[in-house]
Amino acid sequence: MNLIFLGPPGAGKGTQAKIFLDKTGIVQISTGDILRESVKAGTKLGLEAKGYMDSGALVPDSVVIGIIEERIQKPDCAKGFILDGFPRTIEQAEALDAILSTHKKSIDHVVSFDVPEEELVKRLLGRAEIEGRADDNIDSIKNRLKVFREKTQPLVDYYEKKGKLRHINGVGTTEEIAGRVVTSTGI
Ligand code: AMP
């Protein structure tokens, strides 16, 4: 089964993707994690991405599309994958459609995690204290939420029109939310 977890920063996409990796072996593909690893390793990709990431801006479409195209062809994706944090723009979604069709794959469900904005800010500031991510500061958080509203929110319509969208309430315990993912996708 191939899924997209769609939602603003702090919605719990990564936490849920990790739960299903442990439960089902369906792999998590997080463009944010891949980019952070590249920044840490000091690769050319990391150097290019760092400035965008620190300010909460999106890394250029061509960069993340290239990452995804390479990643979904790896053997561990044969059983299925969860895209966590990709696509984030209409251009990325269209590129994904083309890539999947080339590789005779498709998306089964797009799970949209609905969480009120005040709750997101609270969670992200809490995460800042625990994980110390460079982009979990108030300026970057505000920018990431704005970027989500402007660039990523239109994907809700995009996938609704394709009949793939499953809205879930993203507020609750990790187990409650995982239960809602199971109910809405059959994973
Ligand atoms: P995340 O861990 O998903 O919150 O991503 C952290 C940061 O990585 C984002 O704020 C962006 O700068 C960058 N990033 C991750 N995924 C994408 C994407 N699909 N498109 C553009 N930038 C991305």
# chains A, B, ... in the order shown; residues from 1 in each chain; ligands from 1
>>> select_by_dssp(residues="region 11-88 of chain A", states="strand (DSSP E or B)", output="list in words")
Val27, Gln28, Ile29, Ser30, Phe81, Ile82, Leu83 and Asp84 of chain A
>>> residues_near_ligand(ligand="ligand 1", cutoff="6 Å", atoms="only C-alpha atoms and all ligand atoms", output="ChimeraX atom specification")
/A:9,31-33,52-53,56-61,64,85-88,144
>>> write_last_selection(atoms="all heavy atoms", output="compact mmCIF listing (two decimals), in the first residue's frame")
# COMPACT_ATOMS: atom_id res chain seq x y z
N PRO A 9 3.34 21.26 9.44
CA PRO A 9 4.40 20.84 10.36
C PRO A 9 3.83 20.68 11.77
O PRO A 9 3.00 21.49 12.19
CB PRO A 9 5.41 22.00 10.32
CG PRO A 9 4.77 23.11 9.58
CD PRO A 9 3.63 22.54 8.78
N THR A 31 11.09 13.50 3.17
CA THR A 31 12.05 14.37 2.48
C THR A 31 12.77 15.25 3.51
O THR A 31 13.95 15.53 3.36
CB THR A 31 11.34 15.25 1.42
OG1 THR A 31 10.07 15.66 1.91
CG2 THR A 31 11.15 14.49 0.13
N GLY A 32 12.06 15.64 4.58
CA GLY A 32 12.70 16.45 5.63
C GLY A 32 13.85 15.69 6.27
O GLY A 32 14.95 16.23 6.45
N ASP A 33 13.64 14.40 6.61
CA ASP A 33 14.71 13.59 7.22
C ASP A 33 15.89 13.43 6.25
O ASP A 33 17.05 13.55 6.64
CB ASP A 33 14.20 12.18 7.57
CG ASP A 33 13.34 12.17 8.84
OD1 ASP A 33 13.29 13.21 9.54
OD2 ASP A 33 12.72 11.13 9.13
N TYR A 52 17.33 27.36 2.96
CA TYR A 52 15.87 27.30 2.83
C TYR A 52 15.26 26.71 4.10
O TYR A 52 14.27 27.21 4.63
CB TYR A 52 15.46 26.38 1.66
CG TYR A 52 15.91 26.84 0.30
CD1 TYR A 52 17.01 26.27 -0.33
CD2 TYR A 52 15.21 27.84 -0.38
CE1 TYR A 52 17.42 26.67 -1.60
CE2 TYR A 52 15.61 28.25 -1.64
CZ TYR A 52 16.71 27.66 -2.24
OH TYR A 52 17.10 28.06 -3.48
N MET A 53 15.85 25.61 4.56
CA MET A 53 15.28 24.89 5.71
C MET A 53 15.29 25.72 6.97
O MET A 53 14.32 25.78 7.71
CB MET A 53 16.03 23.58 5.93
CG MET A 53 15.85 22.60 4.79
SD MET A 53 16.86 21.16 4.97
CE MET A 53 15.94 20.24 6.19
N GLY A 56 12.60 28.18 7.08
CA GLY A 56 11.24 27.62 6.98
C GLY A 56 10.67 27.71 5.57
O GLY A 56 9.48 27.50 5.36
N ALA A 57 11.54 28.03 4.60
CA ALA A 57 11.08 28.07 3.20
C ALA A 57 11.16 26.68 2.60
O ALA A 57 11.81 25.78 3.15
CB ALA A 57 11.96 29.03 2.41
N LEU A 58 10.51 26.49 1.45
CA LEU A 58 10.60 25.20 0.77
C LEU A 58 11.88 25.12 -0.04
O LEU A 58 12.31 26.11 -0.65
CB LEU A 58 9.41 25.00 -0.17
CG LEU A 58 8.03 24.83 0.49
CD1 LEU A 58 6.97 24.58 -0.59
CD2 LEU A 58 8.03 23.70 1.52
N VAL A 59 12.48 23.96 -0.05
CA VAL A 59 13.62 23.66 -0.92
C VAL A 59 13.04 23.57 -2.34
O VAL A 59 11.88 23.15 -2.51
CB VAL A 59 14.24 22.32 -0.44
CG1 VAL A 59 15.30 21.82 -1.39
CG2 VAL A 59 14.79 22.47 0.97
N PRO A 60 13.80 23.99 -3.37
CA PRO A 60 13.21 23.99 -4.72
C PRO A 60 12.62 22.63 -5.14
O PRO A 60 13.16 21.58 -4.80
CB PRO A 60 14.41 24.36 -5.62
CG PRO A 60 15.32 25.12 -4.72
CD PRO A 60 15.14 24.54 -3.35
N ASP A 61 11.51 22.71 -5.88
CA ASP A 61 10.80 21.50 -6.31
C ASP A 61 11.73 20.50 -6.98
O ASP A 61 11.68 19.30 -6.69
CB ASP A 61 9.68 21.88 -7.30
CG ASP A 61 8.49 22.55 -6.61
OD1 ASP A 61 8.25 22.26 -5.42
OD2 ASP A 61 7.80 23.35 -7.26
N VAL A 64 13.70 18.24 -4.47
CA VAL A 64 12.97 17.19 -3.73
C VAL A 64 12.36 16.16 -4.68
O VAL A 64 12.28 14.98 -4.35
CB VAL A 64 11.90 17.76 -2.78
CG1 VAL A 64 12.53 18.34 -1.54
CG2 VAL A 64 11.01 18.77 -3.43
N GLY A 85 5.66 14.39 4.20
CA GLY A 85 6.23 15.71 3.89
C GLY A 85 6.49 15.92 2.41
O GLY A 85 7.14 16.90 2.03
N PHE A 86 6.00 15.05 1.58
CA PHE A 86 6.08 15.19 0.12
C PHE A 86 4.81 14.58 -0.46
O PHE A 86 4.42 13.50 -0.01
CB PHE A 86 7.31 14.45 -0.44
CG PHE A 86 7.43 14.61 -1.95
CD1 PHE A 86 8.23 15.59 -2.50
CD2 PHE A 86 6.71 13.77 -2.81
CE1 PHE A 86 8.32 15.74 -3.88
CE2 PHE A 86 6.81 13.92 -4.18
CZ PHE A 86 7.61 14.91 -4.71
N PRO A 87 4.14 15.18 -1.42
CA PRO A 87 4.43 16.47 -2.04
C PRO A 87 3.96 17.64 -1.17
O PRO A 87 3.10 17.48 -0.33
CB PRO A 87 3.61 16.40 -3.34
CG PRO A 87 2.46 15.50 -3.03
CD PRO A 87 2.98 14.49 -2.05
N ARG A 88 4.56 18.79 -1.43
CA ARG A 88 4.20 20.01 -0.68
C ARG A 88 3.74 21.12 -1.61
O ARG A 88 3.36 22.19 -1.12
CB ARG A 88 5.43 20.50 0.09
CG ARG A 88 5.48 20.05 1.56
CD ARG A 88 6.83 20.50 2.07
NE ARG A 88 6.91 20.82 3.45
CZ ARG A 88 7.38 19.98 4.38
NH1 ARG A 88 7.70 18.76 4.09
NH2 ARG A 88 7.51 20.40 5.63
N ARG A 144 6.78 28.45 8.27
CA ARG A 144 6.41 27.12 7.76
C ARG A 144 4.90 26.95 7.72
O ARG A 144 4.37 26.34 6.80
CB ARG A 144 7.07 26.03 8.62
CG ARG A 144 8.54 25.85 8.23
CD ARG A 144 9.38 25.40 9.39
NE ARG A 144 9.09 24.07 9.82
CZ ARG A 144 9.27 23.65 11.08
NH1 ARG A 144 9.74 24.46 12.01
NH2 ARG A 144 9.01 22.41 11.39
>>> atom_distance(atom1="CA of Phe20 (chain A)", atom2="CA of Gly66 (chain A)")
24.9 Å
>>> closest_residue(among="A:Ile19, A:Ile68, A:Val110, A:Leu3", to="Leu35 (chain A)", atoms="only C-alpha atoms")
A:Ile68
>>> closest_residue(among="A:Gly170, A:Gly46, A:Gly7, A:Gly186", to="Thr24 (chain A)", atoms="only C-alpha atoms")
A:Gly186
>>> atom_distance(atom1="CA of Gly25 (chain A)", atom2="CA of Leu83 (chain A)")
13.8 Å
>>> select_by_dssp(residues="chain A", states="helix (DSSP H, G or I)", output="ChimeraX atom specification")
/A:13-24,31-41,44-55,61-71,75-77,90-102,117-131,138-152,154-161,174-185
>>> closest_residue(among="A:Asp76, A:Asp22, A:Glu91, A:Glu129", to="Ser62 (chain A)", atoms="only C-alpha atoms")
A:Glu91
>>> residues_around(residues="Ser112 (chain A)", least_positions_apart="5", cutoff="7 Å", atoms="only C-alpha atoms", output="PyMOL selection string")
chain A and resi 5-7+165-168
>>> closest_residue(among="A:Ile82, A:Val182, A:Val115, A:Leu120", to="Lys18 (chain A)", atoms="only C-alpha atoms")
A:Ile82
>>> residues_around(residues="Val39 (chain A)", least_positions_apart="5", cutoff="9 Å", atoms="only C-alpha atoms", output="number ranges by chain")
A: 34, 44-50
>>> write_last_selection(atoms="N, CA, C and O atoms", output="tab-separated table (two decimals), in the first residue's frame")
chain	number	residue	atom	x	y	z
A	34	ILE	N	15.57	13.17	4.97
A	34	ILE	CA	16.64	12.97	3.98
A	34	ILE	C	17.46	14.26	3.85
A	34	ILE	O	18.69	14.25	3.84
A	44	LYS	N	26.70	18.28	-1.04
A	44	LYS	CA	26.33	19.41	-1.91
A	44	LYS	C	24.84	19.70	-1.75
A	44	LYS	O	24.41	20.84	-1.63
A	45	LEU	N	24.04	18.61	-1.72
A	45	LEU	CA	22.59	18.75	-1.53
A	45	LEU	C	22.28	19.45	-0.20
A	45	LEU	O	21.46	20.37	-0.14
A	46	GLY	N	22.98	19.03	0.86
A	46	GLY	CA	22.76	19.61	2.18
A	46	GLY	C	23.10	21.09	2.20
A	46	GLY	O	22.36	21.91	2.77
A	47	LEU	N	24.21	21.44	1.57
A	47	LEU	CA	24.63	22.85	1.56
A	47	LEU	C	23.60	23.69	0.82
A	47	LEU	O	23.28	24.81	1.23
A	48	GLU	N	23.05	23.13	-0.26
A	48	GLU	CA	22.06	23.87	-1.04
A	48	GLU	C	20.75	24.04	-0.24
A	48	GLU	O	20.12	25.08	-0.28
A	49	ALA	N	20.40	23.00	0.52
A	49	ALA	CA	19.10	22.99	1.19
A	49	ALA	C	19.07	23.79	2.49
A	49	ALA	O	18.03	24.32	2.88
A	50	LYS	N	20.21	23.90	3.16
A	50	LYS	CA	20.24	24.41	4.54
A	50	LYS	C	19.58	25.79	4.72
A	50	LYS	O	18.77	25.98	5.62
>>> closest_residue(among="A:Glu150, A:Asp157, A:Asp139, A:Asp84", to="Thr15 (chain A)", atoms="only C-alpha atoms")
A:Asp84
